[in-house]
$ cat coords.cif   # mmCIF, C-alpha atoms and all ligand atoms
data_my_file
#
loop_
_atom_site.label_atom_id
_atom_site.label_comp_id
_atom_site.auth_asym_id
_atom_site.auth_seq_id
_atom_site.Cartn_x
_atom_site.Cartn_y
_atom_site.Cartn_z
CA MET J 1 -7.11 54.47 22.74
CA PHE J 2 -10.66 53.32 22.23
CA GLU J 3 -11.38 49.79 23.24
CA ALA J 4 -14.35 47.52 22.78
CA SER J 5 -14.12 44.99 25.56
CA GLY J 6 -16.31 41.91 25.28
CA LEU J 7 -19.24 43.80 23.74
CA THR J 8 -22.39 41.74 23.52
CA VAL J 9 -25.66 43.26 22.32
CA ARG J 10 -28.94 41.35 22.10
CA ALA J 11 -32.26 42.53 20.63
CA GLY J 12 -35.46 40.82 19.54
CA GLY J 13 -34.08 37.38 20.31
CA ALA J 14 -30.98 37.98 18.11
CA ILE J 15 -27.36 38.49 19.10
CA LEU J 16 -26.21 41.63 17.26
CA LEU J 17 -22.71 41.68 18.73
CA ASN J 18 -21.17 38.63 20.29
CA ASP J 19 -18.22 39.21 22.60
CA VAL J 20 -16.54 41.80 20.37
CA SER J 21 -13.15 42.99 21.59
CA VAL J 22 -11.01 45.36 19.52
CA GLN J 23 -8.56 48.13 20.19
CA LEU J 24 -8.74 51.31 18.10
CA PRO J 25 -5.67 53.52 18.56
CA ALA J 26 -5.98 57.32 18.36
CA GLY J 27 -4.09 58.93 15.50
CA GLN J 28 -4.84 55.99 13.24
CA ILE J 29 -7.63 55.06 10.86
CA SER J 30 -9.49 51.91 11.78
CA VAL J 31 -11.87 50.63 9.13
CA ILE J 32 -14.77 48.39 10.12
CA LEU J 33 -15.87 46.08 7.34
CA GLY J 34 -18.43 43.32 7.09
CA PRO J 35 -21.55 42.28 5.25
CA ASN J 36 -24.94 43.94 5.75
CA GLY J 37 -26.18 43.05 9.20
CA ALA J 38 -22.72 42.09 10.53
CA GLY J 39 -23.06 44.52 13.45
CA LYS J 40 -20.97 47.51 12.31
CA SER J 41 -23.52 50.21 13.18
CA THR J 42 -24.31 48.42 16.43
CA LEU J 43 -20.61 48.57 17.29
CA PHE J 44 -20.61 52.34 16.57
CA GLY J 45 -23.71 52.67 18.75
CA CYS J 46 -21.76 51.19 21.65
CA LEU J 47 -18.58 53.19 20.95
CA SER J 48 -20.53 56.45 20.80
CA GLY J 49 -22.37 55.70 24.04
CA LEU J 50 -25.79 55.80 22.36
CA LEU J 51 -26.28 52.10 22.91
CA THR J 52 -25.54 50.35 26.18
CA PRO J 53 -24.26 46.82 25.61
CA ASP J 54 -25.77 43.90 27.49
CA GLU J 55 -22.29 42.73 28.37
CA GLY J 56 -18.86 44.29 28.11
CA ALA J 57 -18.03 47.97 27.66
CA ALA J 58 -16.68 50.58 25.27
CA LEU J 59 -13.71 52.15 27.01
CA TRP J 60 -12.02 55.42 26.18
CA ASP J 61 -8.64 55.48 27.86
CA GLY J 62 -10.12 53.03 30.34
CA GLN J 63 -13.26 55.10 31.02
CA ASN J 64 -16.64 53.50 30.28
CA VAL J 65 -18.22 55.59 27.50
CA ALA J 66 -21.77 54.63 28.52
CA ALA J 67 -21.14 56.14 31.96
CA MET J 68 -19.72 59.44 30.67
CA ASP J 69 -21.66 62.65 31.06
CA ALA J 70 -23.61 63.09 27.78
CA LYS J 71 -22.36 66.61 27.12
CA SER J 72 -18.68 65.83 27.54
CA ARG J 73 -19.15 62.70 25.45
CA ALA J 74 -20.73 64.80 22.68
CA GLN J 75 -17.84 67.25 22.89
CA ARG J 76 -15.32 64.48 22.35
CA ILE J 77 -16.95 61.90 20.07
CA GLY J 78 -18.29 62.88 16.66
CA LEU J 79 -20.67 60.29 15.23
CA LEU J 80 -21.73 60.41 11.60
CA PRO J 81 -24.68 58.01 11.55
CA GLN J 82 -25.42 55.85 8.55
CA SER J 83 -28.80 57.39 7.85
CA ALA J 84 -28.65 60.65 5.90
CA ALA J 85 -32.18 61.62 6.91
CA ILE J 86 -32.60 65.33 7.62
CA TYR J 87 -35.79 66.21 9.45
CA TRP J 88 -35.63 70.00 9.46
CA ASP J 89 -35.46 72.02 6.28
CA ILE J 90 -33.06 74.57 7.73
CA ASN J 91 -30.27 76.18 5.78
CA VAL J 92 -26.94 74.47 5.34
CA ARG J 93 -24.88 76.68 7.61
CA GLU J 94 -27.46 76.35 10.39
CA LEU J 95 -27.29 72.58 10.08
CA VAL J 96 -23.48 72.54 10.22
CA ALA J 97 -23.64 74.90 13.21
CA LEU J 98 -25.59 72.22 15.13
CA GLY J 99 -22.24 70.45 15.40
CA ARG J 100 -21.25 73.19 17.87
CA TYR J 101 -24.30 72.54 20.07
CA PRO J 102 -22.37 70.52 22.70
CA PHE J 103 -20.11 73.54 23.17
CA SER J 104 -22.84 76.08 23.91
CA GLY J 105 -21.77 78.11 26.90
CA VAL J 106 -18.13 77.02 26.68
CA SER J 107 -17.09 78.24 23.24
CA SER J 108 -17.10 81.78 21.84
CA LYS J 109 -19.05 82.76 18.71
CA GLN J 110 -15.73 83.51 17.04
CA GLU J 111 -14.45 80.00 17.79
CA ASP J 112 -17.74 78.43 16.69
CA ASP J 113 -17.65 80.36 13.40
CA ALA J 114 -14.05 79.31 12.76
CA CYS J 115 -14.92 75.64 13.33
CA ILE J 116 -18.01 75.85 11.10
CA ASP J 117 -16.09 77.60 8.31
CA ALA J 118 -13.24 75.08 8.46
CA ALA J 119 -15.63 72.12 8.39
CA MET J 120 -17.51 73.55 5.42
CA ALA J 121 -14.26 74.20 3.58
CA ALA J 122 -12.97 70.68 4.30
CA THR J 123 -16.11 69.18 2.75
CA ASP J 124 -16.48 71.82 0.02
CA CYS J 125 -19.87 72.92 1.34
CA ALA J 126 -19.36 76.69 1.60
CA GLN J 127 -20.97 77.09 -1.81
CA PHE J 128 -24.28 75.80 -0.36
CA SER J 129 -24.15 77.90 2.79
CA GLY J 130 -27.52 79.66 2.37
CA ARG J 131 -29.35 76.79 0.61
CA ARG J 132 -32.12 74.79 2.29
CA VAL J 133 -30.73 71.36 3.13
CA ARG J 134 -33.62 69.53 1.48
CA SER J 135 -32.79 71.18 -1.85
CA LEU J 136 -29.37 69.47 -1.93
CA SER J 137 -28.52 66.34 -3.88
CA GLY J 138 -27.78 63.12 -1.97
CA GLY J 139 -23.99 63.52 -2.20
CA GLU J 140 -24.17 67.20 -1.27
CA ARG J 141 -26.24 66.33 1.80
CA ALA J 142 -23.75 63.64 2.78
CA ARG J 143 -20.95 66.23 2.75
CA VAL J 144 -23.00 68.69 4.78
CA LEU J 145 -23.77 66.04 7.40
CA LEU J 146 -20.07 65.23 7.64
CA ALA J 147 -19.33 68.95 7.97
CA ARG J 148 -21.70 69.09 10.95
CA VAL J 149 -19.70 66.37 12.70
CA LEU J 150 -16.34 67.94 11.82
CA ALA J 151 -17.53 71.32 13.15
CA GLY J 152 -17.44 69.77 16.62
CA ARG J 153 -13.68 69.11 16.22
CA PRO J 154 -14.11 65.65 17.75
CA GLN J 155 -11.21 63.89 19.40
CA TRP J 156 -12.77 60.75 17.99
CA LEU J 157 -14.57 60.52 14.66
CA LEU J 158 -16.89 57.56 14.13
CA ALA J 159 -18.17 57.78 10.56
CA ASP J 160 -20.64 55.17 9.32
CA GLU J 161 -20.27 55.03 5.52
CA PRO J 162 -18.94 58.59 5.03
CA LEU J 163 -18.32 57.93 1.33
CA ALA J 164 -21.84 56.73 0.50
CA GLY J 165 -23.27 58.79 -2.34
CA LEU J 166 -20.03 60.69 -3.00
CA ASP J 167 -18.54 60.82 -6.49
CA PRO J 168 -14.92 59.60 -6.90
CA ARG J 169 -13.43 63.10 -6.59
CA TYR J 170 -15.21 63.77 -3.31
CA GLN J 171 -14.44 60.28 -2.03
CA MET J 172 -10.75 61.09 -2.48
CA GLN J 173 -11.11 64.58 -0.99
CA ILE J 174 -12.95 63.33 2.09
CA LEU J 175 -10.43 60.52 2.61
CA ARG J 176 -7.59 63.07 2.38
CA GLN J 177 -9.30 65.21 5.02
CA ILE J 178 -9.83 62.20 7.25
CA ARG J 179 -6.19 61.17 6.86
CA SER J 180 -5.01 64.62 7.84
CA LEU J 181 -7.29 64.54 10.90
CA ALA J 182 -5.74 61.26 11.97
CA ALA J 183 -2.27 62.72 11.39
CA THR J 184 -3.03 65.39 14.00
CA GLY J 185 -3.90 62.71 16.56
CA THR J 186 -7.66 62.42 16.09
CA GLY J 187 -8.94 58.89 16.44
CA VAL J 188 -10.85 57.73 13.39
CA ALA J 189 -13.03 54.70 12.80
CA LEU J 190 -14.87 54.35 9.51
CA VAL J 191 -17.44 51.87 8.30
CA LEU J 192 -16.89 51.32 4.58
CA HIS J 193 -18.15 48.86 2.00
CA ASP J 194 -15.61 49.53 -0.76
CA LEU J 195 -12.86 47.00 -0.12
CA THR J 196 -10.21 48.80 -2.18
CA GLN J 197 -10.92 52.17 -0.54
CA ALA J 198 -10.72 50.41 2.81
CA ALA J 199 -7.32 48.92 1.93
CA ARG J 200 -6.04 52.34 0.83
CA VAL J 201 -7.08 54.35 3.84
CA ALA J 202 -6.93 51.91 6.75
CA ASP J 203 -4.10 51.61 9.20
CA HIS J 204 -5.91 48.53 10.28
CA ILE J 205 -9.10 46.70 9.45
CA VAL J 206 -11.64 44.99 11.67
CA LEU J 207 -13.72 42.51 9.69
CA LEU J 208 -17.02 41.69 11.37
CA HIS J 209 -19.13 38.69 10.49
CA GLN J 210 -22.37 37.67 12.19
CA GLY J 211 -21.69 39.91 15.17
CA ARG J 212 -18.18 38.61 15.79
CA VAL J 213 -14.68 39.78 14.89
CA PHE J 214 -13.72 37.50 12.02
CA ALA J 215 -10.31 39.09 11.36
CA ASN J 216 -8.41 42.12 12.62
CA GLY J 217 -5.13 43.50 11.31
CA LEU J 218 -3.39 44.99 8.28
CA ALA J 219 -5.37 45.22 5.02
CA ARG J 220 -3.11 42.68 3.31
CA ASP J 221 -3.70 40.14 6.05
CA VAL J 222 -7.44 40.72 6.47
CA LEU J 223 -8.57 41.25 2.87
CA THR J 224 -7.57 37.87 1.55
CA ALA J 225 -9.51 35.96 -1.09
CA ALA J 226 -10.25 33.26 1.50
CA ASN J 227 -11.66 35.77 4.01
CA MET J 228 -13.77 37.48 1.33
CA LYS J 229 -15.21 34.11 0.34
CA ALA J 230 -15.91 33.15 3.95
CA VAL J 231 -17.51 36.44 4.96
CA TYR J 232 -19.16 37.85 1.81
CA ASP J 233 -19.40 34.60 -0.16
CA ILE J 234 -17.74 36.25 -3.15
CA ALA J 235 -14.72 35.40 -5.25
CA CYS J 236 -12.20 38.25 -5.44
CA ALA J 237 -9.14 39.04 -7.49
CA ILE J 238 -6.52 40.87 -5.43
CA TYR J 239 -3.90 42.96 -7.21
CA ASP J 240 -0.88 44.91 -6.05
CA ASP J 241 -1.04 48.41 -7.47
CA GLU J 242 1.85 50.69 -8.42
CA ALA J 243 1.71 52.40 -5.01
CA GLY J 244 2.36 49.12 -3.22
CA GLN J 245 -1.24 48.84 -2.04
CA ILE J 246 -3.81 46.21 -2.85
CA ALA J 247 -6.90 46.51 -5.02
CA ILE J 248 -9.71 44.05 -4.41
CA ILE J 249 -12.00 43.31 -7.33
CA PRO J 250 -15.13 41.25 -6.59
CA ARG J 251 -15.57 38.70 -9.35
CA GLY J 252 -18.96 37.25 -8.47
N1 LIG Q 1 -34.16 45.56 17.47
C1 LIG Q 1 -33.64 44.58 16.72
N2 LIG Q 1 -34.18 43.34 16.76
C2 LIG Q 1 -33.65 42.34 16.02
N3 LIG Q 1 -32.57 42.50 15.20
C3 LIG Q 1 -32.04 43.71 15.14
C4 LIG Q 1 -32.52 44.82 15.88
N4 LIG Q 1 -31.75 45.89 15.59
C5 LIG Q 1 -30.84 45.47 14.70
N5 LIG Q 1 -31.00 44.17 14.42
C6 LIG Q 1 -30.19 43.34 13.51
O1 LIG Q 1 -28.86 43.41 13.95
C7 LIG Q 1 -27.98 43.18 12.87
C8 LIG Q 1 -26.84 44.17 12.90
O2 LIG Q 1 -27.33 45.45 12.51
P1 LIG Q 1 -26.30 46.62 12.15
O3 LIG Q 1 -27.12 47.80 11.79
O4 LIG Q 1 -25.33 46.77 13.25
O5 LIG Q 1 -25.60 46.00 10.87
P2 LIG Q 1 -24.51 46.65 9.90
O6 LIG Q 1 -23.31 45.75 9.92
O7 LIG Q 1 -24.28 48.07 10.25
O8 LIG Q 1 -25.24 46.48 8.50
P3 LIG Q 1 -25.29 47.39 7.15
O9 LIG Q 1 -24.04 47.10 6.38
O10 LIG Q 1 -26.49 46.82 6.45
O11 LIG Q 1 -25.46 48.81 7.55
C9 LIG Q 1 -28.85 43.23 11.60
O12 LIG Q 1 -29.08 41.91 11.14
C10 LIG Q 1 -30.15 43.85 12.08
O13 LIG Q 1 -31.26 43.38 11.34
#
$ encode --input "coords.cif" --output "structure tokens"
Amino acid sequence: MFEASGLTVRAGGAILLNDVSVQLPAGQISVILGPNGAGKSTLFGCLSGLLTPDEGAALWDGQNVAAMDAKSRAQRIGLLPQSAAIYWDINVRELVALGRYPFSGVSSKQEDDACIDAAMAATDCAQFSGRRVRSLSGGERARVLLARVLAGRPQWLLADEPLAGLDPRYQMQILRQIRSLAATGTGVALVLHDLTQAARVADHIVLLHQGRVFANGLARDVLTAANMKAVYDIACAIYDDEAGQIAIIPRG
């Protein structure tokens, strides 16, 4: 269980998170939604231990993440940041292999190679193995960056917009992979912007607005027309699809 307990983050005279408390169970997919600037990436900063909140704490099974040893935190929590910037023009396999860095000295080359190969297969990146990362398209890079995180076999995956730039086929493939990770007990939290994708994949949704939790629960209860109007200031049509899930169509 991951828990945000009363997280408050302030910067530059603004309150980025304001007393945010949520529980994110392992083995489930939690989707964090909210408008631009709502505080989603700031929340991931706190959950990953990269950002120390001014008040409150991110707790993993009761342990304060900010106080964890950095190496063991990196071995357990895989963070896919929102920015897809790549600063070194190394080859794709080398970049994915960086996901094994927290395990240097504790994992064998054979184990590292198996993790790298599996992550590249899961994201369909093996075909680019020897390519320079800067020669890849935006969607290809996004998959490679996800592969780097998966190569670390995290117990918790925090992925900030993992579907950004992916075509519909790869969106579905990556969501299938993420679902199967959760089914094996991995904790998963995703920031998404596509409301229908969020409804499809989420076990539960946390809707942030202006640094606060506006709603938290099942997709059907959170993604209501009234909540979408209040948070995004948009009108939405909400349909039941043939699979018994909801589709949310912004109408303007
Ligand atoms: N150092 C800072 N000083 C002032 N405001 C900041 C600072 N850092 C971040 N912010 C603001 O905090 C808010 C939350 O940022 P955050 O990146 O968490 O939003 P987000 O929900 O992830 O947005 P997006 O959907 O655009 O990625 C934004 O309005 C941002 O401008």
$ residues_around --input "coords.cif" --residues "Gly138 in chain J" --least-positions-apart "5" --cutoff "12 Å" --atoms "all atoms listed in the file" --output "list in words"
Ser83, Ala84, Ala85, Ile86, Val133, Arg143, Val144, Leu145, Leu163, Ala164, Gly165, Leu166 and Asp167 of chain J
$ residues_near_ligand --input "coords.cif" --ligand "ligand LIG 1 (chain Q)" --cutoff "7 Å" --atoms "all atoms listed in the file" --output "JSON, numbers by chain"
{"J": [11, 12, 13, 14, 16, 34, 35, 36, 37, 38, 39, 40, 41, 42, 43]}
$ closest_residue --input "coords.cif" --among "J:Ile249, J:Val22, J:Ile29, J:Val9" --to "Phe214 in chain J" --atoms "only C-alpha atoms"
J:Val22
$ closest_residue --input "coords.cif" --among "J:Arg76, J:Arg132, J:Arg220, J:Lys229" --to "Arg93 in chain J" --atoms "only C-alpha atoms"
J:Arg132
$ axis_aligned_box --input "coords.cif" --around "range 225-229 of chain J" --padding-each-side "8 Å" --output "JSON"
{"center_x": -12.4, "center_y": 35.4, "center_z": 1.5, "size_x": 21.7, "size_y": 20.2, "size_z": 21.1}
$ atom_distance --input "coords.cif" --atom1 "CA of Leu208 in chain J" --atom2 "CA of Val65 in chain J"
21.3 Å
$ residues_around --input "coords.cif" --residues "Thr123 in chain J" --least-positions-apart "5" --cutoff "9 Å" --atoms "all atoms listed in the file" --output "list in words"
Ala118, Arg143, Val144, Leu146, Ala147, Tyr170, Gln173, Ile174 and Gln177 of chain J
$ closest_atom_pairs --input "coords.cif" --of "range 169-234 of chain J" --to "range 239-245 of chain J" --cutoff "9 Å" --atoms "all atoms listed in the file" --output "JSON lines"
{"residue": "J:Thr196", "atom": "CA", "partner": "J:Gln245", "partner_atom": "CA", "distance": 9.0}
{"residue": "J:Ala199", "atom": "CA", "partner": "J:Gln245", "partner_atom": "CA", "distance": 7.3}
{"residue": "J:Arg200", "atom": "CA", "partner": "J:Gln245", "partner_atom": "CA", "distance": 6.6}
{"residue": "J:Ala219", "atom": "CA", "partner": "J:Gln245", "partner_atom": "CA", "distance": 8.9}
{"residue": "J:Arg220", "atom": "CA", "partner": "J:Gln245", "partner_atom": "CA", "distance": 8.4}
$ atom_distance --input "coords.cif" --atom1 "CA of Ala67 in chain J" --atom2 "CA of Phe103 in chain J"
19.5 Å
$ closest_residue --input "coords.cif" --among "J:His204, J:Lys71, J:Arg10, J:Arg179" --to "Leu51 in chain J" --atoms "all atoms listed in the file"
J:Arg10
$ closest_residue --input "coords.cif" --among "J:Gly187, J:Gly56, J:Gly139, J:Gly62" --to "Pro154 in chain J" --atoms "all atoms listed in the file"
J:Gly187
$ residues_around --input "coords.cif" --residues "range 110-117 of chain J" --least-positions-apart "3" --cutoff "10 Å" --atoms "all atoms listed in the file" --output "compact mmCIF listing (two decimals) with C-alpha atoms, keeping the file's coordinate frame"
# COMPACT_ATOMS: atom_id res chain seq x y z
CA ARG J 93 -24.88 76.68 7.61
CA GLU J 94 -27.46 76.35 10.39
CA LEU J 95 -27.29 72.58 10.08
CA VAL J 96 -23.48 72.54 10.22
CA ALA J 97 -23.64 74.90 13.21
CA LEU J 98 -25.59 72.22 15.13
CA GLY J 99 -22.24 70.45 15.40
CA ARG J 100 -21.25 73.19 17.87
CA TYR J 101 -24.30 72.54 20.07
CA PHE J 103 -20.11 73.54 23.17
CA SER J 104 -22.84 76.08 23.91
CA SER J 107 -17.09 78.24 23.24
CA MET J 120 -17.51 73.55 5.42
CA ALA J 121 -14.26 74.20 3.58
CA ALA J 122 -12.97 70.68 4.30
CA CYS J 125 -19.87 72.92 1.34
CA ALA J 126 -19.36 76.69 1.60
CA SER J 129 -24.15 77.90 2.79
CA ALA J 147 -19.33 68.95 7.97
CA ARG J 148 -21.70 69.09 10.95
CA VAL J 149 -19.70 66.37 12.70
CA LEU J 150 -16.34 67.94 11.82
CA ALA J 151 -17.53 71.32 13.15
CA GLY J 152 -17.44 69.77 16.62
CA ARG J 153 -13.68 69.11 16.22
$ residues_around --input "coords.cif" --residues "range 2-4 of chain J" --least-positions-apart "6" --cutoff "7 Å" --atoms "only C-alpha atoms" --output "JSON, numbers by chain"
{"J": [20, 21, 22, 23, 24, 25, 57, 58, 59, 60, 61]}
